[in-house]
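Okay, structure first, notes after.
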Amino acid sequence: MLHVGICDDDKKYQDELYDFVFHELFAQGELEFTVYQTGGEIVKEIEQGRFTCDLLFLDIHMPGKNGLEVAAYIREHKVDVDIIFVTVSKEHVFDGYTYNAFSYILKPMDEERMSEELGRYIQQKYAHANCLHVTINSHREKILLDRVYYFEADVRKIHIHQKSEPQTFYAKMGDLEEMLQEHNFIRCHQSYLVNRKYIEKIYKGQLYLENEEVLPVSRKYLESVKECLKGGTSNGINK
């Protein structure tokens, strides 16, 4: 699922952008949209740990926190989201490089240009992404492994804990573990398969993740987890 955010204080442009993006990306799979009236709403969601957008259309000229201030906050706090600035003026075009924006679009929207940029975004996002294809509610879904914190087994179901909304599919944890053994996932427990990318540390038989969740490490997997983390990028191993 792709979660798209639209931040603009102009209701007319919100609706126009929503309709266009939905039409352009509908074929890519399930979409979720969140519309923000102000930049302050985004900052508040980030502070509360509720911001999960993959792609954010961000107006620059807004009352209160403008788009550049919001982009600076996003990058300062290392929020993983792609930004496309939308604005009435070319004067801030070089700020796009400063805040590592994917693109810079002028209002009123040029539909041909927007279509090209969305196509380029999808191509780059999925070209080299590590993906897991699963069936959810009779639909074939593409799960981006880089955005998955961990998988949790529940009898025959697997719950996906990720940066977007949780999802569930049917599989065996053993089969999933074998499938993902080359994708940086560690089995730490009968019920958990964890993305090593998001492990902060192991302490007293528990894994502390970047999203502040704590998962148990069973005795069966303790030594293999420690060995795995010694050569990884986690922040540390504390007995």
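Chain labels run A, B, ... following the order of the structure tokens; each chain numbers its residues from 1, and ligands are numbered from 1 in the order shown.
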Open item on the list: List as number ranges by chain the protein and nucleic acid residues near His3 in chain A, meaning an atom at most 6 Å away when only C-alpha atoms are counted, but skip any in the same chain fewer than 2 places from it.
Closed with: A: 31-33, 53-54
Create the file for the chosen residues now, containing N, CA and C atoms and written as a PDB file, in the first residue's frame.
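As a result, selection38.pdb now contains:
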```
ATOM      1  N   LEU A  31      -4.185   2.360  -2.230  1.00  0.00           N
ATOM      2  CA  LEU A  31      -3.730   3.706  -1.886  1.00  0.00           C
ATOM      3  C   LEU A  31      -4.428   4.196  -0.623  1.00  0.00           C
ATOM      4  N   GLU A  32      -3.702   4.967   0.157  1.00  0.00           N
ATOM      5  CA  GLU A  32      -4.286   5.649   1.317  1.00  0.00           C
ATOM      6  C   GLU A  32      -3.891   7.117   1.234  1.00  0.00           C
ATOM      7  N   PHE A  33      -4.829   8.008   1.531  1.00  0.00           N
ATOM      8  CA  PHE A  33      -4.552   9.441   1.474  1.00  0.00           C
ATOM      9  C   PHE A  33      -4.792  10.077   2.838  1.00  0.00           C
ATOM     10  N   CYS A  53       3.199   8.619   6.044  1.00  0.00           N
ATOM     11  CA  CYS A  53       3.141   8.861   4.605  1.00  0.00           C
ATOM     12  C   CYS A  53       4.420   8.380   3.910  1.00  0.00           C
ATOM     13  N   ASP A  54       4.246   7.810   2.729  1.00  0.00           N
ATOM     14  CA  ASP A  54       5.379   7.440   1.878  1.00  0.00           C
ATOM     15  C   ASP A  54       5.757   8.589   0.955  1.00  0.00           C
TER      16      ASP A  54
END
```
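In terms of minimum interatomic distance to Arg120 in chain A, A:Leu25 ranks closest within A:Tyr97, A:Ser89, A:Ser218, A:Leu25, counting only C-alpha atoms.
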TODO: May I have the residues within 12 Å of range 199-206 of chain A as a PyMOL selection string, using only C-alpha atoms and disregarding those fewer than 2 positions away in the same chain?
DONE: chain A and resi 148-150+184-186+188-189+192-197+208-223+225-230+232-239
Do you know which residues are at most 10 Å from Asp146 in chain A counting only C-alpha atoms, after dropping those on the same chain fewer than 5 positions away, and could you put them as a tab-separated table (two decimals) with all heavy atoms, in the first residue's frame?
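Result file part-v6.tsv:
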```tsv
chain	number	residue	atom	x	y	z
A	129	ALA	N	13.59	-2.00	-5.25
A	129	ALA	CA	13.08	-2.28	-3.91
A	129	ALA	C	12.98	-3.78	-3.66
A	129	ALA	O	12.66	-4.55	-4.55
A	129	ALA	CB	11.69	-1.65	-3.74
A	130	ASN	N	13.30	-4.16	-2.43
A	130	ASN	CA	13.08	-5.53	-2.01
A	130	ASN	C	11.61	-5.68	-1.64
A	130	ASN	O	11.13	-5.01	-0.72
A	130	ASN	CB	13.97	-5.86	-0.80
A	130	ASN	CG	15.43	-5.90	-1.18
A	130	ASN	OD1	15.79	-6.35	-2.25
A	130	ASN	ND2	16.28	-5.42	-0.29
A	131	CYS	N	10.90	-6.53	-2.35
A	131	CYS	CA	9.46	-6.65	-2.16
A	131	CYS	C	9.06	-8.08	-1.82
A	131	CYS	O	9.73	-9.04	-2.22
A	131	CYS	CB	8.71	-6.21	-3.41
A	131	CYS	SG	9.00	-4.51	-3.90
A	162	GLN	N	4.54	-2.53	10.10
A	162	GLN	CA	5.31	-1.72	9.16
A	162	GLN	C	5.03	-0.24	9.38
A	162	GLN	O	4.29	0.15	10.27
A	162	GLN	CB	4.94	-2.12	7.73
A	162	GLN	CG	3.45	-2.01	7.45
A	162	GLN	CD	3.05	-2.64	6.12
A	162	GLN	OE1	3.86	-2.85	5.24
A	162	GLN	NE2	1.76	-2.91	5.96
A	163	LYS	N	5.66	0.60	8.54
A	163	LYS	CA	5.53	2.04	8.71
A	163	LYS	C	4.15	2.53	8.30
A	163	LYS	O	3.72	3.60	8.73
A	163	LYS	CB	6.61	2.76	7.91
A	163	LYS	CG	8.00	2.54	8.48
A	163	LYS	CD	9.02	3.49	7.91
A	163	LYS	CE	10.35	3.34	8.62
A	163	LYS	NZ	11.35	4.31	8.14
A	183	HIS	N	17.37	-11.19	3.07
A	183	HIS	CA	16.83	-9.82	3.07
A	183	HIS	C	16.94	-9.15	4.43
A	183	HIS	O	16.12	-8.30	4.79
A	183	HIS	CB	15.37	-9.82	2.60
A	183	HIS	CG	15.21	-10.20	1.16
A	183	HIS	ND1	15.37	-9.31	0.13
A	183	HIS	CD2	14.93	-11.40	0.58
A	183	HIS	CE1	15.18	-9.93	-1.03
A	183	HIS	NE2	14.91	-11.19	-0.79
A	184	ASN	N	17.94	-9.53	5.21
A	184	ASN	CA	18.25	-8.82	6.45
A	184	ASN	C	17.22	-9.02	7.56
A	184	ASN	O	17.09	-8.17	8.45
A	184	ASN	CB	18.39	-7.32	6.16
A	184	ASN	CG	19.52	-6.69	6.97
A	184	ASN	OD1	20.48	-7.37	7.33
A	184	ASN	ND2	19.41	-5.41	7.25
A	195	ASN	N	13.27	-7.18	11.13
A	195	ASN	CA	14.16	-6.49	10.20
A	195	ASN	C	15.34	-5.93	10.97
A	195	ASN	O	15.18	-5.05	11.83
A	195	ASN	CB	13.40	-5.36	9.50
A	195	ASN	CG	14.17	-4.79	8.32
A	195	ASN	OD1	15.40	-4.89	8.25
A	195	ASN	ND2	13.47	-4.16	7.41
A	197	LYS	N	17.51	-3.91	10.22
A	197	LYS	CA	17.68	-2.48	9.98
A	197	LYS	C	17.12	-1.64	11.13
A	197	LYS	O	17.63	-0.55	11.41
A	197	LYS	CB	16.99	-2.12	8.66
A	197	LYS	CG	16.89	-0.64	8.34
A	197	LYS	CD	16.14	-0.45	7.03
A	197	LYS	CE	15.94	1.02	6.72
A	197	LYS	NZ	15.22	1.23	5.44
A	198	TYR	N	16.06	-2.14	11.78
A	198	TYR	CA	15.36	-1.34	12.79
A	198	TYR	C	15.70	-1.74	14.23
A	198	TYR	O	15.08	-1.25	15.17
A	198	TYR	CB	13.85	-1.40	12.57
A	198	TYR	CG	13.45	-0.79	11.25
A	198	TYR	CD1	12.94	-1.57	10.22
A	198	TYR	CD2	13.60	0.58	11.03
A	198	TYR	CE1	12.59	-1.02	9.01
A	198	TYR	CE2	13.25	1.14	9.82
A	198	TYR	CZ	12.75	0.35	8.81
A	198	TYR	OH	12.41	0.91	7.61
```
Open item on the list: Restricting the calculation to only C-alpha atoms: of A:Asn66, A:Gln37, A:Gln28, A:Asn100, which residue gets closest to Ile6 in chain A?
Closed with: A:Gln37
- [ ] Name all residues at most 10 Å from range 7-9 of chain A (count only C-alpha atoms; drop same-chain ones fewer than 3 positions away) and give them as a list of chain:residue names.
- [x]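 Neighbouring residues, sequence-local ones excluded: A:Lys12, A:Tyr13, A:Gln14, A:Leu17, A:Thr34, A:Val35, A:Tyr36, A:Gln37, A:Thr38, A:Gly39, A:Gly40, A:Glu41, A:Ile42, A:Leu56, A:Phe57, A:Leu58, A:Asp59, A:Ile60, A:His61, A:Met62, A:Pro63, A:Asn66, A:Gly67, A:Phe85, A:Val86, A:Thr87.
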Could the residues in this selection be saved with N, CA and C atoms as an mmCIF file, in the first residue's frame?
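Resulting contents of out.cif:
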```cif
data_model
loop_
_atom_site.group_PDB
_atom_site.id
_atom_site.type_symbol
_atom_site.label_atom_id
_atom_site.label_comp_id
_atom_site.auth_asym_id
_atom_site.auth_seq_id
_atom_site.Cartn_x
_atom_site.Cartn_y
_atom_site.Cartn_z
ATOM 1 N N LYS A 12 -9.527 23.780 -2.803
ATOM 2 C CA LYS A 12 -9.716 23.494 -4.229
ATOM 3 C C LYS A 12 -8.519 22.710 -4.772
ATOM 4 N N TYR A 13 -7.324 23.127 -4.403
ATOM 5 C CA TYR A 13 -6.136 22.438 -4.906
ATOM 6 C C TYR A 13 -5.979 21.073 -4.243
ATOM 7 N N GLN A 14 -6.360 20.945 -2.974
ATOM 8 C CA GLN A 14 -6.354 19.636 -2.309
ATOM 9 C C GLN A 14 -7.166 18.627 -3.123
ATOM 10 N N LEU A 17 -5.631 17.831 -6.613
ATOM 11 C CA LEU A 17 -4.454 16.970 -6.507
ATOM 12 C C LEU A 17 -4.837 15.553 -6.107
ATOM 13 N N THR A 34 -3.948 11.031 3.184
ATOM 14 C CA THR A 34 -4.181 11.890 4.342
ATOM 15 C C THR A 34 -4.009 13.331 3.878
ATOM 16 N N VAL A 35 -5.005 14.168 4.167
ATOM 17 C CA VAL A 35 -4.956 15.564 3.749
ATOM 18 C C VAL A 35 -4.721 16.447 4.969
ATOM 19 N N TYR A 36 -3.764 17.356 4.848
ATOM 20 C CA TYR A 36 -3.414 18.274 5.938
ATOM 21 C C TYR A 36 -3.711 19.699 5.503
ATOM 22 N N GLN A 37 -4.302 20.472 6.402
ATOM 23 C CA GLN A 37 -4.585 21.881 6.124
ATOM 24 C C GLN A 37 -3.379 22.763 6.413
ATOM 25 N N THR A 38 -2.547 22.337 7.369
ATOM 26 C CA THR A 38 -1.394 23.143 7.781
ATOM 27 C C THR A 38 -0.169 22.261 7.986
ATOM 28 N N GLY A 39 1.007 22.889 7.923
ATOM 29 C CA GLY A 39 2.241 22.165 8.204
ATOM 30 C C GLY A 39 2.321 21.728 9.650
ATOM 31 N N GLY A 40 1.686 22.505 10.534
ATOM 32 C CA GLY A 40 1.695 22.158 11.952
ATOM 33 C C GLY A 40 1.054 20.808 12.230
ATOM 34 N N GLU A 41 0.067 20.428 11.423
ATOM 35 C CA GLU A 41 -0.590 19.122 11.595
ATOM 36 C C GLU A 41 0.397 17.989 11.328
ATOM 37 N N ILE A 42 1.274 18.180 10.350
ATOM 38 C CA ILE A 42 2.286 17.163 10.047
ATOM 39 C C ILE A 42 3.278 17.044 11.192
ATOM 40 N N LEU A 56 4.743 12.778 0.118
ATOM 41 C CA LEU A 56 4.070 13.967 0.650
ATOM 42 C C LEU A 56 4.133 15.101 -0.373
ATOM 43 N N PHE A 57 2.950 15.561 -0.816
ATOM 44 C CA PHE A 57 2.856 16.768 -1.625
ATOM 45 C C PHE A 57 2.757 17.946 -0.653
ATOM 46 N N LEU A 58 3.736 18.820 -0.705
ATOM 47 C CA LEU A 58 3.876 19.849 0.337
ATOM 48 C C LEU A 58 3.890 21.247 -0.276
ATOM 49 N N ASP A 59 2.845 22.026 0.016
ATOM 50 C CA ASP A 59 2.798 23.419 -0.426
ATOM 51 C C ASP A 59 3.848 24.211 0.352
ATOM 52 N N ILE A 60 4.428 25.209 -0.299
ATOM 53 C CA ILE A 60 5.448 26.013 0.384
ATOM 54 C C ILE A 60 4.829 27.213 1.078
ATOM 55 N N HIS A 61 3.938 27.918 0.396
ATOM 56 C CA HIS A 61 3.372 29.146 0.957
ATOM 57 C C HIS A 61 2.086 28.835 1.723
ATOM 58 N N MET A 62 2.234 28.675 3.047
ATOM 59 C CA MET A 62 1.095 28.398 3.921
ATOM 60 C C MET A 62 1.224 29.237 5.179
ATOM 61 N N PRO A 63 0.091 29.597 5.806
ATOM 62 C CA PRO A 63 0.156 30.316 7.086
ATOM 63 C C PRO A 63 0.734 29.423 8.178
ATOM 64 N N ASN A 66 5.513 27.215 7.201
ATOM 65 C CA ASN A 66 5.457 27.049 5.753
ATOM 66 C C ASN A 66 6.087 25.716 5.352
ATOM 67 N N GLY A 67 5.988 25.396 4.071
ATOM 68 C CA GLY A 67 6.449 24.096 3.605
ATOM 69 C C GLY A 67 7.934 23.856 3.808
ATOM 70 N N PHE A 85 7.442 19.235 -3.613
ATOM 71 C CA PHE A 85 6.974 20.582 -3.312
ATOM 72 C C PHE A 85 5.996 21.040 -4.387
ATOM 73 N N VAL A 86 4.940 21.722 -3.958
ATOM 74 C CA VAL A 86 3.994 22.347 -4.888
ATOM 75 C C VAL A 86 3.862 23.813 -4.486
ATOM 76 N N THR A 87 4.014 24.726 -5.444
ATOM 77 C CA THR A 87 4.041 26.141 -5.091
ATOM 78 C C THR A 87 3.712 27.005 -6.301
#
```
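Across A:Val88, A:Phe20, A:Ala171, A:Val4, the tightest approach to His159 in chain A is made by A:Ala171 when counting only C-alpha atoms.
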- [ ] Could you pull out the residues in range 12-234 of chain A that DSSP calls strand (DSSP E) from the backbone, as a PyMOL selection string?
- [x] chain A and resi 31-36+55-59+82-87+103-106+131-136+139-144+148-154+157-162+167-170+185-189+192-195+199-203+206-209+214-216
TODO: Please report, as number ranges by chain, each residue of range 90-217 of chain A to which DSSP assigns helix (DSSP H, G or I) when run on this structure's backbone.
DONE: A: 95-98, 111-127, 145-147, 173-179, 196-198
